[in-house]
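Peer 1: Before I ask anything, here is the structure I am working with.
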Amino acid sequence: DAKTTQPNSMESNEEEPVHLPCNHSTISGTDYIHWYRQLPSQGPEYVIHGLTSNVNNRMASLAIAEDRKSSTLILHRATLRDAAVYYCILRDVGDDKIIFGKGTRLHILP
Amino acid sequence: DTGVSQNPRHKITKRGQNVTFRCDPISEHNRLYWYRQTLGQGPEFLTYFQNEAQLEKSRLLSDRFSAERPKGSFSTLEIQRTEQGDSAMYLCASSYEGQRAQQYFGPGTRLTVT
């Protein structure tokens, strides 16, 4: 079973920041937090991952709570192309497969 | 394009028929994964290969399903005696070997069993 909890859906306005929350209260010390997203009619794509410290890349930022029981994916300036289902996933040592939950469906309003 | 490719993109078949899907991974990746996704759900893991060896199979993979990866390159997923419950998107992904390695997904094959 998925070990994360995410809202089913969220809305945001175009060109505004989006904060996508994820709860993972049972996270273990060796779990990495990964985010993937799935655009309409496409396979999932990797967004970002982290362990303890906040992470930034060209797509997004990942803010991880100090106790690691929650995290937030931040899209700094949403575009219509960011409309997708966003999956928050925990991956431990030896986790070769990915266990997806239902994710958050993000709607971007023009 | 050097991404993961899957063929066919769509397949409609009648119940009881056999179907086979193909996945071509990114060439330098030695791991290949199969997932299944039904409407409104996240992808579910089916099986994965490291080179030509099938290392793990999900309980979801009934005996009607078989996957192969001859020579550690492309992979095929065959479903025998299809049932309406097999209707889904079948996704393939590949990655380098390594713990928690990033997986690159193909566009999927959508199967409809009538």
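All residue names refer to the structure tokens as shown: chains lettered A, B, ... in order, residues numbered from 1 in each chain, ligands numbered from 1 in order.
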Near Glu11 (chain A), within 6 Å and counting only C-alpha atoms, which residues show up once chain neighbours fewer than 2 positions away are dropped, as a list in words?
Peer 2: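 So, after excluding close chain neighbours, the residues are Leu106, His107 and Ile108 of chain A.
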Peer 1: Please provide the set of residues having any atom within 10 Å of Ser53 (chain A), restricted to only C-alpha atoms, with same-chain residues fewer than 4 positions apart removed, written as a PyMOL selection string.
Peer 2: chain A and resi 62-66+68
Peer 1: Create the file for the chosen residues now, containing N, CA, C and O atoms and written as a PDB file, in the first residue's frame.
Peer 2:
```pdb
ATOM      1  N   LEU A  62      11.475  21.057  -3.576  1.00  0.00           N
ATOM      2  CA  LEU A  62      10.921  20.130  -2.601  1.00  0.00           C
ATOM      3  C   LEU A  62      11.294  20.629  -1.220  1.00  0.00           C
ATOM      4  O   LEU A  62      12.486  20.755  -0.905  1.00  0.00           O
ATOM      5  N   ALA A  63      10.270  20.923  -0.419  1.00  0.00           N
ATOM      6  CA  ALA A  63      10.483  21.357   0.957  1.00  0.00           C
ATOM      7  C   ALA A  63      10.101  20.208   1.871  1.00  0.00           C
ATOM      8  O   ALA A  63       8.974  19.686   1.802  1.00  0.00           O
ATOM      9  N   ILE A  64      11.022  19.798   2.716  1.00  0.00           N
ATOM     10  CA  ILE A  64      10.821  18.655   3.604  1.00  0.00           C
ATOM     11  C   ILE A  64      10.768  19.145   5.040  1.00  0.00           C
ATOM     12  O   ILE A  64      11.671  19.867   5.483  1.00  0.00           O
ATOM     13  N   ALA A  65       9.723  18.759   5.752  1.00  0.00           N
ATOM     14  CA  ALA A  65       9.586  19.165   7.147  1.00  0.00           C
ATOM     15  C   ALA A  65      10.740  18.619   7.976  1.00  0.00           C
ATOM     16  O   ALA A  65      11.327  17.583   7.646  1.00  0.00           O
ATOM     17  N   GLU A  66      11.025  19.305   9.058  1.00  0.00           N
ATOM     18  CA  GLU A  66      12.162  18.918   9.887  1.00  0.00           C
ATOM     19  C   GLU A  66      12.020  17.496  10.427  1.00  0.00           C
ATOM     20  O   GLU A  66      12.999  16.761  10.528  1.00  0.00           O
ATOM     21  N   ARG A  68      10.367  15.219   8.940  1.00  0.00           N
ATOM     22  CA  ARG A  68      10.212  14.414   7.716  1.00  0.00           C
ATOM     23  C   ARG A  68       8.856  13.729   7.601  1.00  0.00           C
ATOM     24  O   ARG A  68       8.664  12.872   6.750  1.00  0.00           O
TER      25      ARG A  68
END
```
Peer 1: Name the closest residue to chain B among the candidates A:Gln6, A:Gln38, A:Ser71, A:Asn23; distances are taken between atoms, counting only C-alpha atoms.
Peer 2: A:Gln38
Peer 1: Taking only residues of chain A that have an atom at most 6 Å from an atom of chain B, what is each one's shortest atom pair and its distance in Å to one decimal, using only C-alpha atoms, in chain and number order, as CSV?
Peer 2:
```
residue,atom,partner,partner_atom,distance
A:Gln42,CA,B:Pro107,CA,4.9
A:Gly43,CA,B:Pro107,CA,4.8
A:Pro44,CA,B:Phe105,CA,6.0
A:Gly94,CA,B:Gln99,CA,5.7
A:Phe100,CA,B:Gly42,CA,5.4
A:Gly101,CA,B:Gly42,CA,5.4
A:Lys102,CA,B:Gly42,CA,4.8
```
Peer 1: So how far away is CA of Leu20 (chain A) from CA of Arg105 (chain A), in Å?
Peer 2: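 A separation of 9.9 Å between them.
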Peer 1: To one decimal place in Å, what is the distance between CA of Ser70 (chain A) and CA of His24 (chain A)?
Peer 2: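 Between these atoms lies a distance of 5.4 Å.
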Peer 1: To one decimal place in Å, what is the distance between CA of Ile74 (chain A) and CA of Ser94 (chain B)?
Peer 2: 26.4 Å
Peer 1: So that I can see what lies close to Ile99 (chain A), please list as a ChimeraX atom specification the residues with an atom at most 10 Å from it, counting only C-alpha atoms and leaving out residues fewer than 2 positions away in the same chain.
Peer 2: /A:1-4,87-91,95-97,101 /B:42-45
Peer 1: As an MDAnalysis selection string, please: all residues of chain A that backbone DSSP puts in strand (DSSP E).
Peer 2: chainID A and resid 9:13 18:23 32:38 45:50 55:56 61:64 70:75 84:91 104:109
